[in-house]
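Engineer: So I've got this file, upload_6.pdb, and it contains PDB, C-alpha atoms and all ligand atoms:
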ATOM      1  CA  MET A   1     -18.137  11.862 136.699
ATOM      2  CA  ALA A   2     -17.657  10.469 133.186
ATOM      3  CA  ILE A   3     -16.016   7.062 133.258
ATOM      4  CA  LEU A   4     -12.719   8.029 131.576
ATOM      5  CA  GLU A   5     -12.421  11.101 133.839
ATOM      6  CA  GLN A   6     -12.311   8.739 136.817
ATOM      7  CA  PHE A   7      -8.947   7.479 135.534
ATOM      8  CA  SER A   8      -7.481  10.964 135.069
ATOM      9  CA  LEU A   9      -4.555  12.039 137.274
ATOM     10  CA  ASN A  10      -4.801  15.706 136.246
ATOM     11  CA  GLY A  11      -3.439  18.030 138.924
ATOM     12  CA  LYS A  12      -2.021  15.186 141.033
ATOM     13  CA  VAL A  13       1.549  15.042 142.366
ATOM     14  CA  ALA A  14       3.114  11.574 142.313
ATOM     15  CA  LEU A  15       6.297  10.336 143.995
ATOM     16  CA  VAL A  16       7.679   7.095 142.547
ATOM     17  CA  THR A  17      10.738   5.792 144.413
ATOM     18  CA  GLY A  18      13.716   4.323 142.541
ATOM     19  CA  ALA A  19      12.196   5.403 139.225
ATOM     20  CA  SER A  20      15.191   6.256 137.027
ATOM     21  CA  TYR A  21      14.560   3.179 134.902
ATOM     22  CA  GLY A  22      12.656  -0.124 134.862
ATOM     23  CA  ILE A  23       9.216  -0.618 136.421
ATOM     24  CA  GLY A  24       9.267   2.690 138.333
ATOM     25  CA  PHE A  25      10.079   4.687 135.207
ATOM     26  CA  ALA A  26       7.299   3.007 133.183
ATOM     27  CA  ILE A  27       4.734   3.652 135.929
ATOM     28  CA  ALA A  28       5.823   7.291 136.337
ATOM     29  CA  LYS A  29       5.640   7.843 132.575
ATOM     30  CA  GLY A  30       2.113   6.366 132.571
ATOM     31  CA  PHE A  31       1.112   8.682 135.433
ATOM     32  CA  SER A  32       2.445  11.651 133.467
ATOM     33  CA  ASP A  33       0.471  10.565 130.386
ATOM     34  CA  ALA A  34      -2.606  10.490 132.669
ATOM     35  CA  GLY A  35      -1.925  14.088 133.807
ATOM     36  CA  ALA A  36       0.195  13.830 136.975
ATOM     37  CA  THR A  37       3.342  15.796 137.872
ATOM     38  CA  ILE A  38       6.191  13.356 138.440
ATOM     39  CA  CYS A  39       8.690  13.327 141.297
ATOM     40  CA  PHE A  40      11.167  10.484 141.654
ATOM     41  CA  ASN A  41      14.248   9.691 143.663
ATOM     42  CA  ASP A  42      17.133   7.312 143.270
ATOM     43  CA  ILE A  43      20.098   6.215 145.293
ATOM     44  CA  ASN A  44      22.778   8.414 143.640
ATOM     45  CA  GLN A  45      23.204  11.445 141.379
ATOM     46  CA  GLU A  46      24.312   9.353 138.386
ATOM     47  CA  LEU A  47      21.029   7.403 138.397
ATOM     48  CA  VAL A  48      18.951  10.557 138.953
ATOM     49  CA  ASP A  49      20.697  12.214 135.977
ATOM     50  CA  LYS A  50      20.072   9.114 133.866
ATOM     51  CA  GLY A  51      16.401   9.260 134.899
ATOM     52  CA  LEU A  52      16.064  12.989 134.209
ATOM     53  CA  ALA A  53      17.478  12.469 130.714
ATOM     54  CA  ALA A  54      15.058   9.575 130.060
ATOM     55  CA  TYR A  55      12.035  11.593 131.244
ATOM     56  CA  LYS A  56      13.164  14.576 129.132
ATOM     57  CA  GLU A  57      13.464  12.339 126.086
ATOM     58  CA  ALA A  58       9.888  11.158 126.763
ATOM     59  CA  GLY A  59       8.743  14.806 126.848
ATOM     60  CA  ILE A  60       8.232  14.797 130.639
ATOM     61  CA  THR A  61       9.439  17.494 133.048
ATOM     62  CA  ALA A  62      10.152  15.320 136.089
ATOM     63  CA  HIS A  63      11.545  16.406 139.455
ATOM     64  CA  GLY A  64      14.444  14.099 140.394
ATOM     65  CA  TYR A  65      16.072  13.831 143.828
ATOM     66  CA  VAL A  66      18.896  11.818 145.370
ATOM     67  CA  CYS A  67      17.566   9.979 148.421
ATOM     68  CA  ASP A  68      18.237   6.628 150.053
ATOM     69  CA  VAL A  69      14.784   5.366 151.024
ATOM     70  CA  THR A  70      16.172   3.455 154.009
ATOM     71  CA  ASP A  71      17.364   6.711 155.625
ATOM     72  CA  GLU A  72      14.428   8.108 157.609
ATOM     73  CA  GLU A  73      15.877  11.632 158.017
ATOM     74  CA  ALA A  74      16.706  11.836 154.308
ATOM     75  CA  VAL A  75      13.176  10.678 153.408
ATOM     76  CA  LYS A  76      11.599  13.305 155.680
ATOM     77  CA  GLY A  77      13.793  15.917 153.950
ATOM     78  CA  LEU A  78      12.765  14.616 150.505
ATOM     79  CA  VAL A  79       9.051  14.781 151.295
ATOM     80  CA  SER A  80       9.211  18.299 152.729
ATOM     81  CA  LYS A  81      11.299  19.484 149.736
ATOM     82  CA  ILE A  82       8.705  18.066 147.316
ATOM     83  CA  GLU A  83       5.872  19.661 149.309
ATOM     84  CA  GLN A  84       7.629  23.060 149.065
ATOM     85  CA  GLU A  85       8.821  22.816 145.459
ATOM     86  CA  VAL A  86       5.984  20.863 143.817
ATOM     87  CA  GLY A  87       3.064  20.330 146.210
ATOM     88  CA  VAL A  88       1.566  17.771 148.565
ATOM     89  CA  ILE A  89       2.144  14.211 147.375
ATOM     90  CA  ASP A  90      -1.200  12.718 146.272
ATOM     91  CA  ILE A  91       0.218   9.408 145.028
ATOM     92  CA  LEU A  92       3.149   7.418 146.419
ATOM     93  CA  VAL A  93       4.548   4.356 144.667
ATOM     94  CA  ASN A  94       6.999   2.387 146.805
ATOM     95  CA  ASN A  95       8.970   0.890 143.914
ATOM     96  CA  ALA A  96      12.660   0.991 144.961
ATOM     97  CA  GLY A  97      13.833  -2.506 145.709
ATOM     98  CA  ILE A  98      16.767  -4.902 145.666
ATOM     99  CA  ILE A  99      17.171  -8.668 145.450
ATOM    100  CA  LYS A 100      20.020 -10.954 146.535
ATOM    101  CA  ARG A 101      19.856 -14.464 145.127
ATOM    102  CA  ILE A 102      21.806 -16.542 147.669
ATOM    103  CA  PRO A 103      20.890 -19.977 149.099
ATOM    104  CA  MET A 104      19.527 -19.325 152.597
ATOM    105  CA  CYS A 105      22.142 -21.281 154.546
ATOM    106  CA  GLU A 106      24.916 -19.405 152.709
ATOM    107  CA  MET A 107      23.364 -15.983 153.275
ATOM    108  CA  SER A 108      24.772 -13.689 155.971
ATOM    109  CA  ALA A 109      22.403 -12.060 158.445
ATOM    110  CA  ALA A 110      23.772  -8.720 157.215
ATOM    111  CA  ASP A 111      22.681  -9.462 153.622
ATOM    112  CA  PHE A 112      19.263 -10.657 154.832
ATOM    113  CA  ARG A 113      18.822  -7.429 156.845
ATOM    114  CA  LYS A 114      19.878  -5.274 153.873
ATOM    115  CA  VAL A 115      17.113  -6.730 151.668
ATOM    116  CA  ILE A 116      14.515  -6.334 154.426
ATOM    117  CA  ASP A 117      15.716  -2.767 154.950
ATOM    118  CA  VAL A 118      15.219  -1.663 151.331
ATOM    119  CA  ASP A 119      12.183  -3.801 150.403
ATOM    120  CA  LEU A 120      10.156  -3.600 153.635
ATOM    121  CA  ASN A 121      11.461  -0.996 156.104
ATOM    122  CA  ALA A 122      11.776   1.671 153.393
ATOM    123  CA  PRO A 123       8.131   1.463 152.196
ATOM    124  CA  PHE A 124       7.149   1.894 155.878
ATOM    125  CA  ILE A 125       9.469   4.918 156.202
ATOM    126  CA  VAL A 126       8.260   6.623 153.000
ATOM    127  CA  ALA A 127       4.566   5.891 153.633
ATOM    128  CA  LYS A 128       4.913   7.238 157.176
ATOM    129  CA  ALA A 129       6.414  10.451 155.770
ATOM    130  CA  VAL A 130       3.593  11.139 153.271
ATOM    131  CA  ILE A 131       0.506  10.041 155.236
ATOM    132  CA  PRO A 132       0.154  13.099 157.554
ATOM    133  CA  SER A 133      -0.238  15.510 154.602
ATOM    134  CA  MET A 134      -2.607  13.068 152.862
ATOM    135  CA  ILE A 135      -4.758  13.056 156.017
ATOM    136  CA  LYS A 136      -4.810  16.878 156.056
ATOM    137  CA  LYS A 137      -5.735  16.925 152.363
ATOM    138  CA  GLY A 138      -8.463  14.318 152.864
ATOM    139  CA  ALA A 139      -7.209  11.913 150.192
ATOM    140  CA  GLY A 140      -4.205   9.825 149.195
ATOM    141  CA  LYS A 141      -3.082   6.799 147.199
ATOM    142  CA  ILE A 142      -0.212   4.501 148.160
ATOM    143  CA  ILE A 143       0.881   1.678 145.867
ATOM    144  CA  ASN A 144       3.436  -0.845 147.122
ATOM    145  CA  ILE A 145       5.275  -2.880 144.493
ATOM    146  CA  CYS A 146       5.002  -6.438 145.785
ATOM    147  CA  SER A 147       5.994  -9.604 143.908
ATOM    148  CA  MET A 148       5.161 -13.213 143.050
ATOM    149  CA  MET A 149       7.290 -13.742 146.164
ATOM    150  CA  SER A 150       4.542 -12.085 148.237
ATOM    151  CA  GLU A 151       2.771 -15.438 147.706
ATOM    152  CA  LEU A 152       5.353 -17.999 146.563
ATOM    153  CA  GLY A 153       8.772 -19.151 147.656
ATOM    154  CA  ARG A 154      11.693 -20.412 145.616
ATOM    155  CA  GLU A 155      15.336 -21.362 146.098
ATOM    156  CA  THR A 156      17.753 -18.471 146.862
ATOM    157  CA  VAL A 157      15.297 -15.627 147.550
ATOM    158  CA  SER A 158      14.463 -16.082 151.264
ATOM    159  CA  ALA A 159      15.085 -12.435 152.234
ATOM    160  CA  TYR A 160      13.258 -11.047 149.205
ATOM    161  CA  ALA A 161      10.250 -13.339 149.796
ATOM    162  CA  ALA A 162      10.169 -12.436 153.499
ATOM    163  CA  ALA A 163      10.277  -8.714 152.600
ATOM    164  CA  LYS A 164       7.683  -8.867 149.813
ATOM    165  CA  GLY A 165       5.361 -11.065 151.910
ATOM    166  CA  GLY A 166       5.730  -8.502 154.689
ATOM    167  CA  LEU A 167       5.025  -5.701 152.222
ATOM    168  CA  LYS A 168       1.703  -7.348 151.329
ATOM    169  CA  MET A 169       0.748  -7.258 155.025
ATOM    170  CA  LEU A 170       2.028  -3.691 155.468
ATOM    171  CA  THR A 171      -0.261  -2.782 152.541
ATOM    172  CA  ARG A 172      -3.259  -4.307 154.300
ATOM    173  CA  ASN A 173      -2.325  -2.629 157.550
ATOM    174  CA  ILE A 174      -1.972   0.852 156.051
ATOM    175  CA  ALA A 175      -5.379   0.347 154.410
ATOM    176  CA  SER A 176      -6.827  -0.737 157.758
ATOM    177  CA  GLU A 177      -5.294   2.093 159.739
ATOM    178  CA  TYR A 178      -5.837   5.018 157.350
ATOM    179  CA  GLY A 179      -8.812   3.994 155.200
ATOM    180  CA  GLU A 180     -11.087   6.220 157.271
ATOM    181  CA  TYR A 181      -9.082   9.248 156.035
ATOM    182  CA  ASN A 182      -9.853   8.403 152.392
ATOM    183  CA  ILE A 183      -6.389   6.933 151.882
ATOM    184  CA  GLN A 184      -6.221   3.831 149.720
ATOM    185  CA  CYS A 185      -3.157   1.620 150.005
ATOM    186  CA  ASN A 186      -2.904  -1.225 147.504
ATOM    187  CA  GLY A 187      -0.163  -3.400 146.075
ATOM    188  CA  ILE A 188       0.827  -4.435 142.575
ATOM    189  CA  GLY A 189       2.388  -7.884 142.338
ATOM    190  CA  PRO A 190       4.280  -8.012 139.047
ATOM    191  CA  GLY A 191       5.004 -11.414 137.548
ATOM    192  CA  TYR A 192       8.357 -11.938 135.868
ATOM    193  CA  ILE A 193       9.105  -8.663 134.080
ATOM    194  CA  GLU A 194      11.943  -7.894 131.658
ATOM    195  CA  THR A 195      14.125  -5.401 133.564
ATOM    196  CA  PRO A 196      17.827  -5.250 134.551
ATOM    197  CA  GLN A 197      16.845  -6.892 137.881
ATOM    198  CA  THR A 198      15.843 -10.085 136.055
ATOM    199  CA  ALA A 199      18.428  -9.895 133.236
ATOM    200  CA  PRO A 200      20.673 -12.587 134.815
ATOM    201  CA  LEU A 201      17.705 -14.996 134.682
ATOM    202  CA  ARG A 202      17.273 -14.447 130.945
ATOM    203  CA  GLU A 203      20.887 -14.561 129.741
ATOM    204  CA  ARG A 204      21.330 -16.653 126.593
ATOM    205  CA  GLN A 205      23.441 -19.801 126.991
ATOM    206  CA  ALA A 206      26.750 -20.223 125.150
ATOM    207  CA  ASP A 207      24.969 -22.291 122.481
ATOM    208  CA  GLY A 208      22.329 -19.566 121.979
ATOM    209  CA  SER A 209      19.570 -21.476 123.777
ATOM    210  CA  ARG A 210      17.351 -19.974 126.474
ATOM    211  CA  HIS A 211      18.577 -19.804 130.080
ATOM    212  CA  PRO A 212      16.887 -22.742 131.900
ATOM    213  CA  PHE A 213      15.161 -20.259 134.265
ATOM    214  CA  ASP A 214      13.876 -18.292 131.278
ATOM    215  CA  ALA A 215      12.378 -21.469 129.780
ATOM    216  CA  PHE A 216      10.934 -22.350 133.217
ATOM    217  CA  ILE A 217       9.167 -18.959 133.495
ATOM    218  CA  ILE A 218       7.713 -19.219 129.984
ATOM    219  CA  ALA A 219       6.325 -22.662 130.907
ATOM    220  CA  LYS A 220       4.974 -21.378 134.265
ATOM    221  CA  THR A 221       3.180 -18.389 132.714
ATOM    222  CA  PRO A 222      -0.134 -19.029 130.917
ATOM    223  CA  ALA A 223       0.605 -15.956 128.766
ATOM    224  CA  ALA A 224       3.806 -17.824 127.724
ATOM    225  CA  ARG A 225       5.993 -14.724 127.891
ATOM    226  CA  TRP A 226       7.810 -12.435 130.299
ATOM    227  CA  GLY A 227       5.978  -9.250 131.214
ATOM    228  CA  LYS A 228       6.982  -5.843 129.864
ATOM    229  CA  THR A 229       7.176  -2.825 132.157
ATOM    230  CA  ASP A 230       4.295  -1.317 130.147
ATOM    231  CA  ASP A 231       2.054  -4.220 131.272
ATOM    232  CA  LEU A 232       2.047  -2.584 134.737
ATOM    233  CA  VAL A 233       1.012   0.899 133.640
ATOM    234  CA  GLY A 234      -2.778   0.461 133.279
ATOM    235  CA  PRO A 235      -3.107  -1.319 136.656
ATOM    236  CA  ALA A 236      -0.977   1.402 138.318
ATOM    237  CA  VAL A 237      -3.037   4.248 136.825
ATOM    238  CA  PHE A 238      -6.210   2.487 138.001
ATOM    239  CA  LEU A 239      -4.888   2.174 141.579
ATOM    240  CA  ALA A 240      -3.663   5.801 141.559
ATOM    241  CA  SER A 241      -6.943   7.221 140.280
ATOM    242  CA  GLU A 242     -10.429   7.881 141.617
ATOM    243  CA  ALA A 243     -11.612   4.804 139.675
ATOM    244  CA  SER A 244     -10.264   2.725 142.592
ATOM    245  CA  ASN A 245     -11.575   4.807 145.506
ATOM    246  CA  PHE A 246     -13.280   1.802 147.152
ATOM    247  CA  VAL A 247     -10.410  -0.643 146.479
ATOM    248  CA  ASN A 248      -8.267  -0.827 149.593
ATOM    249  CA  GLY A 249      -5.745  -3.308 150.997
ATOM    250  CA  HIS A 250      -5.762  -5.312 147.761
ATOM    251  CA  VAL A 251      -2.775  -6.744 145.889
ATOM    252  CA  LEU A 252      -3.390  -6.736 142.148
ATOM    253  CA  TYR A 253      -1.212  -9.446 140.592
ATOM    254  CA  VAL A 254      -0.144  -8.571 137.062
ATOM    255  CA  ASP A 255       1.509 -11.866 136.244
ATOM    256  CA  GLY A 256       0.157 -13.260 132.971
ATOM    257  CA  GLY A 257      -1.686 -15.856 135.099
ATOM    258  CA  ILE A 258       1.229 -17.416 137.045
ATOM    259  CA  LEU A 259      -0.602 -17.552 140.378
ATOM    260  CA  ALA A 260      -3.650 -19.190 138.791
ATOM    261  CA  TYR A 261      -1.691 -21.997 137.156
ATOM    262  CA  ILE A 262      -0.449 -25.327 138.478
ATOM    263  CA  GLY A 263       2.042 -25.601 135.590
ATOM    264  CA  LYS A 264       2.217 -27.548 132.325
ATOM    265  CA  GLN A 265       1.220 -31.188 132.641
ATOM    266  CA  PRO A 266       4.090 -33.571 131.817
TER     267      PRO A 266
HETATM  268  P1  LIG B 301      15.283  -2.465 140.137
HETATM  269  O1  LIG B 301      16.660  -2.695 139.833
HETATM  270  O2  LIG B 301      14.814  -3.184 141.326
HETATM  271  O3  LIG B 301      15.003  -0.872 140.255
HETATM  272  C1  LIG B 301      14.763  -0.291 141.459
HETATM  273  C2  LIG B 301      15.453   1.049 141.597
HETATM  274  O4  LIG B 301      15.534   1.333 143.007
HETATM  275  C3  LIG B 301      16.893   1.132 141.067
HETATM  276  O5  LIG B 301      17.086   2.361 140.425
HETATM  277  C4  LIG B 301      17.704   1.009 142.330
HETATM  278  O6  LIG B 301      18.996   1.555 142.255
HETATM  279  C5  LIG B 301      16.827   1.796 143.292
HETATM  280  N1  LIG B 301      17.188   1.579 144.673
HETATM  281  C6  LIG B 301      17.729   0.472 145.264
HETATM  282  N2  LIG B 301      17.955   0.689 146.560
HETATM  283  C7  LIG B 301      17.541   1.955 146.815
HETATM  284  C8  LIG B 301      17.546   2.768 147.969
HETATM  285  N3  LIG B 301      17.963   2.325 149.157
HETATM  286  N4  LIG B 301      17.067   4.043 147.877
HETATM  287  C9  LIG B 301      16.634   4.517 146.701
HETATM  288  N5  LIG B 301      16.604   3.801 145.565
HETATM  289  C10 LIG B 301      17.064   2.528 145.619
HETATM  290  O7  LIG B 301      14.391  -2.801 138.930
HETATM  291  P2  LIG B 301      12.882  -3.236 138.693
HETATM  292  O8  LIG B 301      12.962  -4.618 138.182
HETATM  293  O9  LIG B 301      12.294  -2.151 137.884
HETATM  294  O10 LIG B 301      12.124  -3.348 140.098
HETATM  295  C11 LIG B 301      11.295  -2.348 140.637
HETATM  296  C12 LIG B 301      10.487  -2.928 141.780
HETATM  297  O11 LIG B 301       9.664  -3.973 141.278
HETATM  298  C13 LIG B 301      11.324  -3.555 142.894
HETATM  299  O12 LIG B 301      10.692  -3.317 144.136
HETATM  300  C14 LIG B 301      11.280  -5.038 142.547
HETATM  301  O13 LIG B 301      11.487  -5.848 143.667
HETATM  302  C15 LIG B 301       9.878  -5.153 142.027
HETATM  303  N6  LIG B 301       9.595  -6.297 141.171
HETATM  304  C16 LIG B 301      10.321  -6.538 140.041
HETATM  305  C17 LIG B 301       9.964  -7.605 139.223
HETATM  306  C18 LIG B 301      10.689  -7.957 137.951
HETATM  307  O14 LIG B 301      10.420  -9.033 137.400
HETATM  308  N7  LIG B 301      11.573  -7.125 137.449
HETATM  309  C19 LIG B 301       8.890  -8.407 139.552
HETATM  310  C20 LIG B 301       8.192  -8.136 140.739
HETATM  311  C21 LIG B 301       8.544  -7.074 141.521
HETATM  312  P3  LIG B 301      20.199   0.585 141.786
HETATM  313  O15 LIG B 301      20.119   0.514 140.292
HETATM  314  O16 LIG B 301      21.443   1.236 142.289
HETATM  315  O17 LIG B 301      19.964  -0.751 142.449
HETATM  316  C1  LIG B 302      13.576 -14.118 141.171
HETATM  317  C2  LIG B 302      13.030 -12.855 140.557
HETATM  318  C3  LIG B 302      11.707 -12.459 141.153
HETATM  319  C4  LIG B 302      11.096 -11.318 140.375
HETATM  320  C5  LIG B 302       9.777 -10.836 140.832
HETATM  321  C6  LIG B 302       8.707 -11.859 140.677
HETATM  322  O1  LIG B 302      14.776 -14.206 141.350
HETATM  323  O2  LIG B 302      12.769 -15.024 141.412
HETATM  324  O3  LIG B 302      13.944 -11.805 140.567
HETATM  325  O4  LIG B 302      11.751 -12.345 142.501
HETATM  326  O5  LIG B 302      11.963 -10.246 140.276
HETATM  327  O6  LIG B 302       9.810 -10.228 142.094
HETATM  328  O7  LIG B 302       7.467 -11.282 140.928
END
So that I can check it, write out the structure of this file as structure tokens.
Structural biologist:
Amino acid sequence: MAILEQFSLNGKVALVTGASYGIGFAIAKGFSDAGATICFNDINQELVDKGLAAYKEAGITAHGYVCDVTDEEAVKGLVSKIEQEVGVIDILVNNAGIIKRIPMCEMSAADFRKVIDVDLNAPFIVAKAVIPSMIKKGAGKIINICSMMSELGRETVSAYAAAKGGLKMLTRNIASEYGEYNIQCNGIGPGYIETPQTAPLRERQADGSRHPFDAFIIAKTPAARWGKTDDLVGPAVFLASEASNFVNGHVLYVDGGILAYIGKQP
């Protein structure tokens, strides 16, 4: 197969969760540019409508569904609807996620559980729903959106770090358990990316100066900038395509070098 053909997603059906905007939307758009048919879900009709309008504006006919990824019955219904209306899901991206920035000793167990539910239990639930058809088809790609917090800790994100660290291990376990069926499960670990999720960390100060966390991230990142959602598209297409057929259980960090760097010397 010619080298560029290996990266083609022609004829593939992709489901990207929580992909009305942000990282999920950028990845889905990249998949469509590479030839895939796009299915996405989001938590409510308003977000799905917003997503459908954004895909339409980008010239993409996407299939949008309302589905809470923490609800196992709803996820089973979503997957069987997509199989009937569009086809068997060849590529799953577990992108939907939430974060709660609360110091650990002030965080309720209910809030901790909520983050684990969306960021760790849900990828398990959605992967479990798509794997049987992938096995029957003899191929499948699962990409879990991990984080810097799959490797690093920081103040206020205990639940998120626990979930994303767990997601890294779920990725390795899916690869271990289903690799023999030609299913590849890998992670993408984005660095600090400009999306609404990180907007509070980039808010300008009253005097117009950078938010201290914003300045901290620029100093911590060898690329000296925040990532853009488009920075994740090439890596995602690679992990969704036949070019990565022998890459399994890997987390590809797309972080401008953060994990390689000890930080600026004083
Ligand atoms: P985001 O706000 O996390 O977008 C995720 C989408 O998932 C939103 O549309 C959200 O809806 C939806 N969602 C939340 N709970 C859901 C549920 N139970 N069922 C279905 N959909 C649900 O924005 P993002 O920054 O693009 O993040 C995407 C993924 O990348 C997340 O997993 C995040 O943790 C991860 N990530 C982000 C960064 C970054 O710097 N931005 C870095 C590393 C990893 P709502 O709008 O209602 O919340
Ligand atoms: C935070 C951020 C991060 C990023 C991302 C890093 O508060 O530290 O929100 O967790 O969103 O996941 O990779």
Engineer: Using the chain letters and numbers from the file, which residues does the PyMOL selection byres (((not hetatm)) within 8 of (chain B and resi 301)) grab, as a ChimeraX atom specification?
Structural biologist: /A:17-25,41-44,47,66-71,94-99,118-119,122,145-149,160,164,189-198,227,229
Engineer: Measuring between all atoms listed in the file, which one of A:Lys50, A:Ala240, A:Ile217, A:Asp111 shows the shortest distance to A:Leu15?
Structural biologist: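 The shortest atom-to-atom distance to A:Leu15 comes from A:Ala240.
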Engineer: Within 9 Å of A:Ala129, counting all atoms listed in the file, which residues qualify if same-chain residues fewer than 2 places away don't, as a list in words?
Structural biologist: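 What passes the distance filter is Glu72, Val75, Lys76, Val79, Ser80, Phe124, Ile125, Val126, Ala127, Ile131, Pro132 and Ser133 of chain A.
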Engineer: Spell out the residues picked by the PyMOL selection byres (((chain A and resi 12) around 7) and not hetatm) here, as a list in words.
Structural biologist: Leu9, Asn10, Gly11, Val13, Ala14, Ala36, Thr37 and Asp90 of chain A
Engineer: Name the closest residue to ligand LIG 302 (chain B) among the candidates A:Val237, A:Met169, A:Val157, A:Val48; distances are taken between atoms, counting only C-alpha atoms and all ligand atoms.
Structural biologist: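 Once distances to ligand LIG 302 (chain B) are computed over only C-alpha atoms and all ligand atoms, the minimum belongs to A:Val157.
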